[in-house]
file work-v3.txt (compact mmCIF, C-alpha atoms)
# COMPACT_ATOMS: atom_id res chain seq x y z
CA MET A 202 24.94 -14.07 -26.44
CA ALA A 203 23.14 -16.82 -24.62
CA LYS A 204 24.12 -15.57 -21.19
CA PRO A 205 22.90 -11.95 -21.21
CA SER A 206 19.58 -12.91 -22.75
CA SER A 207 19.00 -15.62 -20.18
CA LYS A 208 19.81 -13.11 -17.45
CA ALA A 209 17.33 -10.69 -18.97
CA PHE A 210 14.70 -13.40 -19.01
CA SER A 211 15.32 -14.31 -15.40
CA VAL A 212 15.03 -10.64 -14.38
CA LEU A 213 11.71 -10.46 -16.17
CA LYS A 214 10.47 -13.72 -14.68
CA ASN A 215 11.66 -12.82 -11.20
CA GLY A 216 9.03 -10.12 -10.79
CA ILE A 217 6.20 -12.25 -12.02
CA MET A 218 6.96 -15.49 -10.19
CA LYS A 219 9.63 -15.72 -7.55
CA GLU A 220 9.48 -12.22 -6.13
CA ASN A 221 5.96 -11.32 -7.08
CA PRO A 222 5.61 -7.94 -5.33
CA VAL A 223 2.12 -8.55 -3.99
CA LEU A 224 1.81 -12.28 -3.50
CA LYS A 225 5.34 -13.04 -2.30
CA MET A 226 6.82 -9.79 -1.00
CA VAL A 227 3.52 -8.32 0.26
CA LEU A 228 4.30 -4.83 -0.96
CA GLY A 229 1.84 -2.29 -2.31
CA MET A 230 -1.03 -3.68 -0.31
CA CYS A 231 -3.15 -0.54 -0.25
CA PRO A 232 -4.03 -0.44 -3.95
CA SER A 233 -4.07 -4.25 -4.12
CA LEU A 234 -6.93 -4.38 -1.66
CA ALA A 235 -8.65 -1.09 -2.35
CA VAL A 236 -9.24 -1.20 -6.08
CA THR A 237 -9.77 -4.92 -6.56
CA THR A 238 -13.53 -4.96 -6.14
CA MET A 239 -13.62 -5.67 -9.87
CA ALA A 240 -11.15 -7.47 -12.10
CA ARG A 241 -11.21 -4.57 -14.58
CA ASN A 242 -10.15 -2.04 -11.97
CA GLY A 243 -7.33 -4.34 -10.95
CA ILE A 244 -6.00 -4.36 -14.50
CA GLY A 245 -6.36 -0.58 -14.81
CA MET A 246 -4.43 -0.05 -11.60
CA GLY A 247 -1.82 -2.62 -12.62
CA ILE A 248 -1.17 -0.96 -15.95
CA ALA A 249 -1.03 2.53 -14.44
CA ALA A 250 1.48 1.36 -11.83
CA THR A 251 3.53 -0.51 -14.45
CA PHE A 252 3.77 2.68 -16.50
CA VAL A 253 5.01 4.67 -13.51
CA LEU A 254 7.40 1.89 -12.52
CA THR A 255 8.88 1.64 -16.01
CA GLY A 256 9.28 5.40 -16.34
CA SER A 257 10.82 5.84 -12.92
CA ASN A 258 13.13 2.84 -13.32
CA ILE A 259 14.45 4.25 -16.63
CA VAL A 260 15.09 7.72 -15.24
CA ILE A 261 16.56 6.51 -11.96
CA SER A 262 18.83 4.08 -13.75
CA LEU A 263 20.00 6.91 -16.03
CA ILE A 264 20.77 9.29 -13.18
CA ARG A 265 22.08 6.69 -10.74
CA LYS A 266 25.70 7.82 -11.08
CA ILE A 267 24.95 11.54 -10.78
CA VAL A 268 22.73 11.52 -7.70
CA PRO A 269 24.62 11.73 -4.39
CA ASP A 270 23.82 8.87 -2.05
CA LYS A 271 22.45 11.08 0.71
CA VAL A 272 19.66 12.69 -1.28
CA ARG A 273 18.74 9.70 -3.38
CA ILE A 274 15.41 8.92 -1.67
CA PRO A 275 13.94 12.43 -2.13
CA VAL A 276 15.16 12.40 -5.73
CA PHE A 277 13.57 9.00 -6.34
CA ILE A 278 10.28 10.13 -4.83
CA THR A 279 10.23 13.26 -6.96
CA VAL A 280 10.84 11.24 -10.11
CA ILE A 281 8.07 8.81 -9.16
CA ALA A 282 5.70 11.67 -8.32
CA GLY A 283 6.42 13.19 -11.72
CA PHE A 284 5.45 10.02 -13.54
CA THR A 285 2.41 9.56 -11.33
CA THR A 286 1.23 13.03 -12.33
CA ILE A 287 1.70 12.10 -15.99
CA VAL A 288 -0.41 8.96 -15.55
CA GLN A 289 -3.03 10.93 -13.67
CA MET A 290 -3.33 13.47 -16.49
CA LEU A 291 -3.32 10.82 -19.23
CA LEU A 292 -6.06 8.80 -17.54
CA ASN A 293 -8.11 11.90 -16.88
CA ALA A 294 -7.87 12.85 -20.54
CA TYR A 295 -8.32 9.51 -22.28
CA LEU A 296 -9.96 7.11 -19.82
CA PRO A 297 -12.16 9.26 -17.57
CA ASP A 298 -14.18 6.20 -16.48
CA VAL A 299 -11.14 4.42 -15.10
CA TYR A 300 -9.93 7.69 -13.62
CA LYS A 301 -13.16 8.15 -11.69
CA GLU A 302 -13.29 4.52 -10.61
CA LEU A 303 -9.75 4.49 -9.22
CA GLY A 304 -10.13 7.91 -7.58
CA ILE A 305 -7.45 8.95 -5.10
CA TYR A 306 -5.64 5.66 -5.56
CA ILE A 307 -4.03 7.02 -8.74
CA PRO A 308 -2.11 9.82 -7.02
CA LEU A 309 -1.40 7.30 -4.29
CA ILE A 310 0.70 5.27 -6.76
CA VAL A 311 3.45 7.63 -5.68
CA VAL A 312 3.55 5.99 -2.25
CA ASN A 313 3.26 2.46 -3.62
CA CYS A 314 6.13 0.70 -1.85
CA ILE A 315 6.82 -1.51 -4.89
CA ILE A 316 7.97 1.41 -6.99
CA LEU A 317 10.30 2.90 -4.41
CA ALA A 318 11.56 -0.56 -3.51
CA ARG A 319 12.51 -1.33 -7.13
CA ALA A 320 14.11 2.09 -7.53
CA GLU A 321 16.21 1.51 -4.43
CA MET A 322 16.97 -2.18 -4.89
CA PHE A 323 17.27 -2.50 -8.64
CA ALA A 324 17.25 0.61 -10.82
CA SER A 325 19.85 2.45 -8.73
CA LYS A 326 22.28 -0.43 -9.23
CA ASN A 327 21.61 -1.74 -12.74
CA SER A 328 21.72 -0.67 -16.36
CA VAL A 329 18.77 0.92 -18.14
CA GLY A 330 17.95 -2.19 -20.16
CA LEU A 331 17.77 -4.48 -17.15
CA SER A 332 15.84 -1.86 -15.18
CA VAL A 333 13.18 -1.72 -17.87
CA LEU A 334 12.87 -5.49 -17.82
CA ASP A 335 12.71 -5.47 -14.04
CA ALA A 336 9.97 -2.85 -14.17
CA LEU A 337 8.00 -4.84 -16.72
CA GLY A 338 8.39 -8.04 -14.71
CA MET A 339 7.42 -6.42 -11.41
CA GLY A 340 4.60 -4.46 -13.03
CA GLY A 341 3.39 -7.61 -14.74
CA GLY A 342 3.51 -9.49 -11.45
CA PHE A 343 1.60 -6.69 -9.76
CA THR A 344 -1.04 -6.64 -12.51
CA ILE A 345 -1.46 -10.41 -12.44
CA ALA A 346 -1.82 -10.38 -8.65
CA LEU A 347 -4.44 -7.63 -8.84
CA LEU A 348 -6.24 -9.52 -11.57
CA ILE A 349 -6.34 -12.67 -9.41
CA ILE A 350 -7.58 -10.83 -6.31
CA GLY A 351 -10.04 -8.80 -8.38
CA SER A 352 -11.40 -11.89 -10.13
CA VAL A 353 -11.92 -13.80 -6.90
CA ARG A 354 -13.69 -10.86 -5.28
CA GLU A 355 -15.79 -9.98 -8.31
CA ILE A 356 -16.93 -13.55 -8.96
CA LEU A 357 -17.75 -14.33 -5.33
CA GLY A 358 -19.05 -10.89 -4.44
CA ALA A 359 -20.95 -9.75 -7.50
CA GLY A 360 -21.32 -12.92 -9.53
CA THR A 361 -19.71 -11.29 -12.54
CA TRP A 362 -16.31 -11.27 -14.19
CA MET A 363 -15.21 -8.27 -16.26
CA GLY A 364 -18.86 -7.27 -16.20
CA ILE A 365 -20.15 -10.58 -17.57
CA THR A 366 -22.71 -12.32 -15.38
CA LEU A 367 -21.43 -15.75 -14.47
CA THR A 368 -23.23 -17.18 -11.50
CA LYS A 369 -26.84 -16.36 -12.22
CA ASN A 370 -28.30 -19.74 -11.37
CA ILE A 371 -25.45 -21.22 -9.39
CA PHE A 372 -25.23 -19.22 -6.16
CA ASP A 373 -26.19 -15.87 -4.77
CA PRO A 374 -23.16 -13.59 -4.67
CA ALA A 375 -21.84 -12.78 -1.18
CA VAL A 376 -21.78 -9.00 -1.16
CA ILE A 377 -19.25 -8.93 1.64
CA MET A 378 -16.52 -9.94 -0.81
CA VAL A 379 -16.76 -6.61 -2.63
CA LEU A 380 -16.92 -4.73 0.67
CA PRO A 381 -13.69 -3.89 2.52
CA PRO A 382 -13.62 -7.05 4.71
CA GLY A 383 -13.73 -9.18 1.56
CA GLY A 384 -10.44 -7.65 0.42
CA PHE A 385 -8.64 -8.85 3.53
CA LEU A 386 -10.38 -12.20 3.46
CA ALA A 387 -9.69 -12.94 -0.22
CA PHE A 388 -6.06 -11.91 0.13
CA GLY A 389 -5.56 -14.04 3.23
CA PHE A 390 -6.87 -17.11 1.48
CA ILE A 391 -4.90 -16.47 -1.72
CA ILE A 392 -1.65 -16.18 0.26
CA ALA A 393 -2.52 -19.36 2.16
CA VAL A 394 -3.00 -21.25 -1.12
CA ILE A 395 0.32 -19.96 -2.41
CA ASN A 396 2.02 -20.99 0.83
CA LYS A 397 0.58 -24.45 0.51
CA ILE A 398 1.81 -24.77 -3.08
CA SER A 399 5.29 -23.52 -2.28
CA VAL A 400 5.57 -25.77 0.78
CA LEU A 401 4.70 -28.76 -1.40
CA LYS A 402 7.25 -27.66 -4.00
CA VAL A 403 10.02 -27.26 -1.42
CA ARG A 404 9.19 -30.68 0.01
CA ASN A 405 9.40 -32.27 -3.43
CA LYS A 406 12.74 -30.61 -4.04
CA GLU A 407 14.08 -31.81 -0.71
CA ILE A 408 13.08 -35.36 -1.47
CA SER A 409 14.61 -35.34 -4.93
CA SER A 410 17.85 -33.51 -4.18
CA GLY A 411 18.35 -33.65 -0.42
CA CYS A 412 19.30 -30.46 1.35
CA GLY A 413 21.98 -28.86 -0.77
CA MET A 414 23.32 -27.08 2.37
CA ASN A 415 21.86 -23.90 1.02
CA CYS A 416 20.15 -23.08 4.28
CA ALA A 417 20.34 -19.32 3.83
CA GLY A 418 18.39 -19.65 0.62
CA CYS A 419 15.79 -21.82 2.34
CA ALA A 420 15.31 -19.33 5.13
CA ILE A 421 14.78 -16.49 2.70
CA GLN A 422 12.33 -18.44 0.64
CA SER A 423 10.26 -19.80 3.46
CA GLY A 424 10.79 -17.02 6.02
CA GLU A 425 8.06 -14.72 4.84
CA ASN A 426 5.43 -17.34 4.26
CA GLY A 427 5.84 -18.77 7.71
CA GLY A 428 7.11 -22.18 6.64
CA ASP A 429 9.04 -22.40 9.87
CA GLY A 430 6.31 -20.84 11.97
CA GLN A 431 8.03 -18.04 13.85
CA MET B 148 -19.71 22.23 15.48
CA LYS B 149 -21.97 19.41 14.38
CA GLU B 150 -20.16 19.21 11.08
CA ILE B 151 -16.81 18.87 12.81
CA LEU B 152 -18.12 16.09 15.00
CA LEU B 153 -19.44 14.28 11.94
CA ILE B 154 -16.10 14.58 10.14
CA ALA B 155 -14.30 13.26 13.20
CA LEU B 156 -16.59 10.29 13.82
CA GLY B 157 -16.71 9.53 10.12
CA ALA B 158 -12.94 9.36 9.85
CA ILE B 159 -12.43 7.39 13.06
CA LEU B 160 -15.21 4.82 12.83
CA VAL B 161 -17.31 4.78 9.67
CA ASN B 162 -14.64 5.35 7.06
CA ASN B 163 -11.73 4.07 9.07
CA PHE B 164 -8.62 4.56 6.97
CA VAL B 165 -7.16 1.11 7.48
CA LEU B 166 -10.25 -1.05 7.67
CA SER B 167 -12.48 0.49 5.07
CA LYS B 168 -10.26 2.60 2.83
CA PHE B 169 -7.18 0.33 2.86
CA LEU B 170 -4.85 3.24 3.47
CA GLY B 171 -1.76 2.52 5.52
CA ILE B 172 -1.83 -1.26 5.33
CA CYS B 173 1.96 -1.64 5.32
CA PRO B 174 2.57 -0.10 8.76
CA PHE B 175 -0.66 -1.73 9.93
CA LEU B 176 0.83 -5.14 9.24
CA GLY B 177 4.37 -4.16 10.07
CA VAL B 178 4.09 -2.70 13.56
CA SER B 179 0.94 -4.33 14.87
CA LYS B 180 2.79 -7.29 16.39
CA LYS B 181 3.10 -5.65 19.80
CA SER B 182 0.82 -3.07 21.36
CA SER B 183 3.74 -0.95 22.57
CA THR B 184 5.05 -0.31 19.06
CA ALA B 185 1.48 0.13 17.86
CA PHE B 186 1.05 3.02 20.28
CA GLY B 187 4.32 4.61 19.16
CA MET B 188 3.59 4.30 15.48
CA GLY B 189 0.03 5.53 16.00
CA GLY B 190 1.28 8.57 17.85
CA ALA B 191 3.79 9.39 15.13
CA VAL B 192 1.14 9.02 12.44
CA ILE B 193 -1.41 11.19 14.28
CA PHE B 194 1.20 13.88 14.72
CA VAL B 195 2.46 13.83 11.13
CA MET B 196 -1.04 13.55 9.69
CA THR B 197 -2.48 16.51 11.60
CA LEU B 198 0.51 18.64 10.74
CA SER B 199 0.58 17.59 7.10
CA SER B 200 -3.15 18.21 6.69
CA ALA B 201 -2.69 21.80 7.81
CA VAL B 202 0.44 22.38 5.74
CA THR B 203 -0.74 20.72 2.52
CA TRP B 204 -4.11 22.50 2.68
CA THR B 205 -2.39 25.87 3.11
CA VAL B 206 0.06 25.16 0.30
CA TYR B 207 -2.72 24.06 -2.02
CA LYS B 208 -5.12 26.92 -1.34
CA PHE B 209 -2.60 29.74 -1.24
CA LEU B 210 0.15 28.58 -3.55
CA LEU B 211 -1.05 26.04 -6.08
CA GLU B 212 -4.67 26.96 -6.75
CA PRO B 213 -4.27 30.72 -7.30
CA ASN B 214 -1.42 30.05 -9.73
CA GLY B 215 -3.21 27.30 -11.65
CA LEU B 216 -0.65 24.76 -10.52
CA ASP B 217 -3.06 22.26 -8.98
CA TYR B 218 -1.77 19.52 -11.28
CA LEU B 219 1.44 19.63 -9.23
CA GLN B 220 -0.35 18.62 -6.05
CA THR B 221 0.93 15.05 -5.93
CA ILE B 222 4.56 16.11 -6.23
CA VAL B 223 4.26 19.03 -3.82
CA PHE B 224 2.31 17.07 -1.21
CA ILE B 225 4.72 14.18 -1.12
CA LEU B 226 7.68 16.52 -0.73
CA VAL B 227 5.97 18.43 2.08
CA ILE B 228 5.19 15.16 3.85
CA ALA B 229 8.74 13.89 3.37
CA ALA B 230 10.13 17.06 4.92
CA LEU B 231 7.71 16.80 7.85
CA VAL B 232 8.66 13.20 8.51
CA GLN B 233 12.31 14.15 8.52
CA PHE B 234 11.49 16.81 11.07
CA VAL B 235 9.58 14.40 13.32
CA GLU B 236 12.47 11.97 13.05
CA ILE B 237 14.98 14.57 14.22
CA VAL B 238 12.75 15.62 17.12
CA LEU B 239 12.17 12.03 18.27
CA LYS B 240 15.85 11.12 17.97
CA ARG B 241 16.75 14.08 20.11
CA PHE B 242 14.04 13.86 22.78
CA ILE B 243 12.63 10.31 22.90
CA PRO B 244 15.45 8.04 21.68
CA ALA B 245 13.74 4.92 23.05
CA LEU B 246 10.69 5.48 20.89
CA PHE B 247 12.94 6.38 17.97
CA LYS B 248 14.67 3.03 18.31
CA ALA B 249 11.40 1.13 18.72
CA LEU B 250 9.90 2.61 15.58
CA GLY B 251 13.07 1.86 13.64
CA ILE B 252 12.48 1.57 9.94
CA TYR B 253 8.79 2.46 10.19
CA LEU B 254 9.34 6.12 10.90
CA PRO B 255 10.93 6.98 7.55
CA LEU B 256 8.27 4.73 6.04
CA ILE B 257 5.60 7.20 7.16
CA THR B 258 6.66 9.14 4.08
CA THR B 259 5.42 6.32 1.93
CA ASN B 260 2.44 5.70 4.20
CA CYS B 261 -0.50 6.12 1.90
CA ALA B 262 -2.65 7.21 4.83
CA VAL B 263 -0.77 10.48 5.23
CA LEU B 264 -0.83 11.41 1.55
CA GLY B 265 -4.35 10.01 1.33
CA SER B 266 -5.68 12.34 4.01
CA ALA B 267 -4.01 15.30 2.32
CA LEU B 268 -5.63 14.40 -1.00
CA LEU B 269 -9.03 13.68 0.53
CA ASN B 270 -9.03 17.08 2.23
CA ILE B 271 -8.71 18.77 -1.12
CA GLU B 272 -11.14 16.42 -2.81
CA SER B 273 -13.87 16.99 -0.23
CA ASN B 274 -13.39 20.77 -0.31
CA TYR B 275 -12.75 21.09 3.42
CA ASN B 276 -11.68 24.37 4.95
CA LEU B 277 -8.56 24.58 7.08
CA LEU B 278 -10.26 23.64 10.37
CA HIS B 279 -12.10 20.74 8.77
CA SER B 280 -8.88 19.52 7.18
CA VAL B 281 -7.02 19.54 10.46
CA VAL B 282 -9.88 17.75 12.21
CA PHE B 283 -10.02 15.22 9.41
CA GLY B 284 -6.26 14.60 9.52
CA LEU B 285 -6.31 14.26 13.29
CA SER B 286 -9.27 11.91 13.41
CA ALA B 287 -8.03 9.82 10.49
CA GLY B 288 -4.81 9.41 12.49
CA VAL B 289 -6.81 8.48 15.58
CA GLY B 290 -8.77 5.96 13.52
CA PHE B 291 -5.54 4.49 12.20
CA THR B 292 -4.16 4.20 15.72
CA LEU B 293 -7.38 2.65 16.99
CA ALA B 294 -7.27 0.00 14.29
CA LEU B 295 -3.58 -0.61 14.95
CA ILE B 296 -4.03 -1.03 18.70
CA LEU B 297 -7.13 -3.20 18.44
CA PHE B 298 -5.37 -5.36 15.94
CA SER B 299 -2.14 -5.65 17.89
CA GLY B 300 -4.17 -7.04 20.79
CA ILE B 301 -5.60 -9.70 18.51
CA ARG B 302 -2.20 -10.54 17.08
CA GLU B 303 -0.67 -10.97 20.51
CA LYS B 304 -3.35 -13.56 21.26
CA LEU B 305 -2.96 -15.17 17.83
CA GLU B 306 0.60 -16.16 18.65
CA PHE B 307 -0.65 -18.77 21.07
CA CYS B 308 -3.15 -20.27 18.67
CA ASP B 309 -2.81 -23.49 16.80
CA ILE B 310 -2.98 -22.39 13.20
CA PRO B 311 -2.85 -24.67 10.14
CA ASP B 312 0.58 -24.56 8.49
CA ALA B 313 -0.47 -22.84 5.31
CA PHE B 314 -2.22 -20.09 7.26
CA GLN B 315 0.65 -19.26 9.58
CA GLY B 316 2.13 -15.80 9.45
CA LEU B 317 0.48 -13.45 7.02
CA PRO B 318 -2.66 -15.29 5.88
CA ILE B 319 -4.13 -15.60 9.38
CA THR B 320 -3.25 -11.96 10.00
CA PHE B 321 -5.26 -10.94 6.97
CA ILE B 322 -8.19 -13.09 7.96
CA ALA B 323 -8.16 -11.58 11.45
CA ALA B 324 -8.05 -8.14 9.80
CA ALA B 325 -11.09 -9.14 7.75
CA LEU B 326 -12.99 -9.95 10.94
CA VAL B 327 -12.05 -6.63 12.56
CA SER B 328 -13.11 -4.94 9.35
CA VAL B 329 -16.47 -6.72 9.47
CA ALA B 330 -16.94 -5.27 12.93
CA PHE B 331 -16.23 -1.80 11.61
CA THR B 332 -18.72 -2.11 8.77
CA GLY B 333 -21.26 -2.20 11.60
CA PHE B 334 -20.72 1.54 11.95
CA LYS B 335 -22.01 2.13 8.41
CA GLY B 336 -25.10 4.30 8.47
CA LEU B 337 -24.33 5.49 11.98
CA PHE B 338 -25.11 9.22 12.40
CA GLY B 339 -26.30 9.18 8.80
CA ILE B 340 -22.75 9.24 7.42
call {"tool": "encode", "arguments": {"input": "work-v3.txt", "output": "structure tokens"}}
result
Amino acid sequence: MAKPSSKAFSVLKNGIMKENPVLKMVLGMCPSLAVTTMARNGIGMGIAATFVLTGSNIVISLIRKIVPDKVRIPVFITVIAGFTTIVQMLLNAYLPDVYKELGIYIPLIVVNCIILARAEMFASKNSVGLSVLDALGMGGGFTIALLIIGSVREILGAGTWMGITLTKNIFDPAVIMVLPPGGFLAFGFIIAVINKISVLKVRNKEISSGCGMNCAGCAIQSGENGGDGQ
Amino acid sequence: MKEILLIALGAILVNNFVLSKFLGICPFLGVSKKSSTAFGMGGAVIFVMTLSSAVTWTVYKFLLEPNGLDYLQTIVFILVIAALVQFVEIVLKRFIPALFKALGIYLPLITTNCAVLGSALLNIESNYNLLHSVVFGLSAGVGFTLALILFSGIREKLEFCDIPDAFQGLPITFIAAALVSVAFTGFKGLFGI
């Protein structure tokens, strides 16, 4: 019993930490930058995307043995588009404020690379249970990343967080952070901080354990964040 | 005529898809390493976007709206775009194999390029007619290409720069993108758009 549950936990954790879709894999950038002018919008977007991801992962995992390999991508996209439409209608009905705020970025969930990537890489190869956990982990990672970016931009750019005024007497908010350039800027700096942390971690590991001749693993881990400066 | 000009300039400069609407960031980062691939990708996107604007507008106005099926627009649009991309892929493979090879994985990725679906959705949202939609799709594609080419020039230069370790790779790319985006915010208010 111990083994499957630990595997389930690692699948869940994978999406939030090691393979965080936004911060580590740099997928789904469009919504991550576009809707994160406020922390609240980031959470709204994150939850909407998590819903679509969970739904599509369940369905795709269920039909993975029926769908012929050649037409799998169109099938996946149709499934994802179906769930996106459901989210769109639900938000329109119950949370019209969020719906208006997120605008065309809700239908654009359908082209969020994270969802198709998980369908292709995980749900089409794994059982329903694991696919749900993977969706929750990835969705959670996505939401957390959006929350971080949204918080940084909202605090620096508007001086508020979740609508609460924070920096009234401390500094004047820099409006550029809630404008489009601020999205790129905030994200660049957040990734740089994460790179710095992971470089330090890798260095500590190397010192304590020496290189365990797992070079392929190293390359994968540090390849994307430029540890070896291509 | 004036209206068309405004739509075009608005989509290319003021509301540039990449730099102010954050649509199409993935290919923007993916293929902007060299200007040659940037041109190829830009061309493919302009082509697909213009075509898809015309097709999705027609489908929406003549098929979905009269039958009260407008809630299906997301599904229908993405399928139309996917079919179009497949078509472009076949044509390129047959006639310009070099470009087909250069674009590699990014051509099928146009399907999941938010810019293409985004322009289709914005056409409907802004109540454009067919001509306006096509102009909007075309100029949004031109704007995307412009951003891509400008940025690829910067990235080619960036390779020779001495960048702090933590900023190497993606972070510096994003910060450069922020600076280009700052430049584009200068167009805000131009022509009263």
call {"tool": "axis_aligned_box", "arguments": {"input": "work-v3.txt", "around": "segment 354-370 of chain A", "padding_each_side": "3 Å", "output": "AutoDock Vina command-line options"}}
result
--center_x -21.0 --center_y -13.5 --center_z -11.0 --size_x 20.6 --size_y 18.5 --size_z 19.1
call {"tool": "residues_around", "arguments": {"input": "work-v3.txt", "residues": "segment 312-319 of chain B", "least_positions_apart": "4", "cutoff": "6 Å", "atoms": "all atoms listed in the file", "output": "list in words"}}
result
Gly389, Ile392, Ala393, Asn396, Lys397 and Gly427 of chain A
call {"tool": "closest_residue", "arguments": {"input": "work-v3.txt", "among": "A:Ser352, A:Ser207, A:Asn221, A:Asn293", "to": "chain B", "atoms": "all atoms listed in the file"}}
result
A:Asn293
call {"tool": "closest_atom_pairs", "arguments": {"input": "work-v3.txt", "of": "chain B", "to": "chain A", "cutoff": "7 Å", "atoms": "all atoms listed in the file", "output": "JSON lines"}}
result
{"residue": "B:Leu166", "atom": "CA", "partner": "A:Pro381", "partner_atom": "CA", "distance": 6.8}
{"residue": "B:Ser167", "atom": "CA", "partner": "A:Pro381", "partner_atom": "CA", "distance": 5.2}
{"residue": "B:Lys168", "atom": "CA", "partner": "A:Ala235", "partner_atom": "CA", "distance": 6.6}
{"residue": "B:Phe169", "atom": "CA", "partner": "A:Cys231", "partner_atom": "CA", "distance": 5.2}
{"residue": "B:Leu170", "atom": "CA", "partner": "A:Cys231", "partner_atom": "CA", "distance": 5.6}
{"residue": "B:Gly171", "atom": "CA", "partner": "A:Cys231", "partner_atom": "CA", "distance": 6.7}
{"residue": "B:Ile172", "atom": "CA", "partner": "A:Cys231", "partner_atom": "CA", "distance": 5.8}
{"residue": "B:Cys173", "atom": "CA", "partner": "A:Met230", "partner_atom": "CA", "distance": 6.7}
{"residue": "B:Thr221", "atom": "CA", "partner": "A:Pro308", "partner_atom": "CA", "distance": 6.1}
{"residue": "B:Ile222", "atom": "CA", "partner": "A:Ala282", "partner_atom": "CA", "distance": 5.0}
{"residue": "B:Thr259", "atom": "CA", "partner": "A:Val312", "partner_atom": "CA", "distance": 4.6}
{"residue": "B:Asn260", "atom": "CA", "partner": "A:Val312", "partner_atom": "CA", "distance": 6.6}
{"residue": "B:Cys261", "atom": "CA", "partner": "A:Val312", "partner_atom": "CA", "distance": 5.8}
{"residue": "B:Gly265", "atom": "CA", "partner": "A:Leu309", "partner_atom": "CA", "distance": 6.9}
{"residue": "B:Ala313", "atom": "CA", "partner": "A:Ala393", "partner_atom": "CA", "distance": 5.1}
{"residue": "B:Phe314", "atom": "CA", "partner": "A:Ala393", "partner_atom": "CA", "distance": 5.2}
{"residue": "B:Gln315", "atom": "CA", "partner": "A:Gly427", "partner_atom": "CA", "distance": 5.5}
{"residue": "B:Gly316", "atom": "CA", "partner": "A:Gly427", "partner_atom": "CA", "distance": 5.1}
{"residue": "B:Leu317", "atom": "CA", "partner": "A:Asn426", "partner_atom": "CA", "distance": 6.9}
{"residue": "B:Pro318", "atom": "CA", "partner": "A:Gly389", "partner_atom": "CA", "distance": 4.1}
{"residue": "B:Ile319", "atom": "CA", "partner": "A:Gly389", "partner_atom": "CA", "distance": 6.5}
{"residue": "B:Phe321", "atom": "CA", "partner": "A:Gly389", "partner_atom": "CA", "distance": 4.9}
{"residue": "B:Ile322", "atom": "CA", "partner": "A:Leu386", "partner_atom": "CA", "distance": 5.1}
{"residue": "B:Ala324", "atom": "CA", "partner": "A:Phe385", "partner_atom": "CA", "distance": 6.3}
{"residue": "B:Ala325", "atom": "CA", "partner": "A:Pro382", "partner_atom": "CA", "distance": 4.5}
{"residue": "B:Leu326", "atom": "CA", "partner": "A:Pro382", "partner_atom": "CA", "distance": 6.9}
{"residue": "B:Ser328", "atom": "CA", "partner": "A:Pro382", "partner_atom": "CA", "distance": 5.1}
{"residue": "B:Val329", "atom": "CA", "partner": "A:Pro382", "partner_atom": "CA", "distance": 5.6}
call {"tool": "residues_around", "arguments": {"input": "work-v3.txt", "residues": "Leu285 of chain B", "least_positions_apart": "5", "cutoff": "8 Å", "atoms": "all atoms listed in the file", "output": "PyMOL selection string"}}
result
chain B and resi 193-194+196-197
call {"tool": "closest_residue", "arguments": {"input": "work-v3.txt", "among": "B:Thr258, B:Gln220, B:Asn163, B:Thr332", "to": "Glu272 of chain B", "atoms": "all atoms listed in the file"}}
result
B:Gln220
call {"tool": "residues_around", "arguments": {"input": "work-v3.txt", "residues": "Gly342 of chain A", "least_positions_apart": "6", "cutoff": "8 Å", "atoms": "only C-alpha atoms", "output": "list of chain:residue names"}}
result
A:Gly216, A:Ile217, A:Met218, A:Asn221, A:Pro222, A:Val223
call {"tool": "atom_distance", "arguments": {"input": "work-v3.txt", "atom1": "atom CA of Ile296 of chain B", "atom2": "atom CA of Ala185 of chain B"}}
result
5.7 Å
call {"tool": "residues_around", "arguments": {"input": "work-v3.txt", "residues": "Ala229 of chain B", "least_positions_apart": "3", "cutoff": "9 Å", "atoms": "all atoms listed in the file", "output": "count of residues only"}}
result
11
call {"tool": "atom_distance", "arguments": {"input": "work-v3.txt", "atom1": "atom CA of Leu219 of chain B", "atom2": "atom CA of Asn270 of chain B"}}
result
15.7 Å
call {"tool": "closest_residue", "arguments": {"input": "work-v3.txt", "among": "A:Ile267, A:Ile350, A:Ala320, A:Ala294", "to": "Gly247 of chain A", "atoms": "all atoms listed in the file"}}
result
A:Ile350
call {"tool": "atom_distance", "arguments": {"input": "work-v3.txt", "atom1": "atom CA of Ala245 of chain B", "atom2": "atom CA of Gly190 of chain B"}}
result
14.0 Å
call {"tool": "residues_around", "arguments": {"input": "work-v3.txt", "residues": "Ile264 of chain A", "least_positions_apart": "2", "cutoff": "12 Å", "atoms": "all atoms listed in the file", "output": "list in words"}}
result
Ser257, Asn258, Ile259, Val260, Ile261, Ser262, Lys266, Ile267, Val268, Pro269, Asp270, Arg273, Val276, Phe277, Val280, Ala320, Ala324, Ser325, Lys326, Asn327, Ser328 and Val329 of chain A
call {"tool": "closest_residue", "arguments": {"input": "work-v3.txt", "among": "B:Asn162, B:Ser299, B:Ser266, B:Ser286", "to": "Val202 of chain B", "atoms": "all atoms listed in the file"}}
result
B:Ser266
call {"tool": "closest_residue", "arguments": {"input": "work-v3.txt", "among": "A:Gly340, A:Gly360, A:Pro374, A:Gly351", "to": "Val253 of chain A", "atoms": "only C-alpha atoms"}}
result
A:Gly340
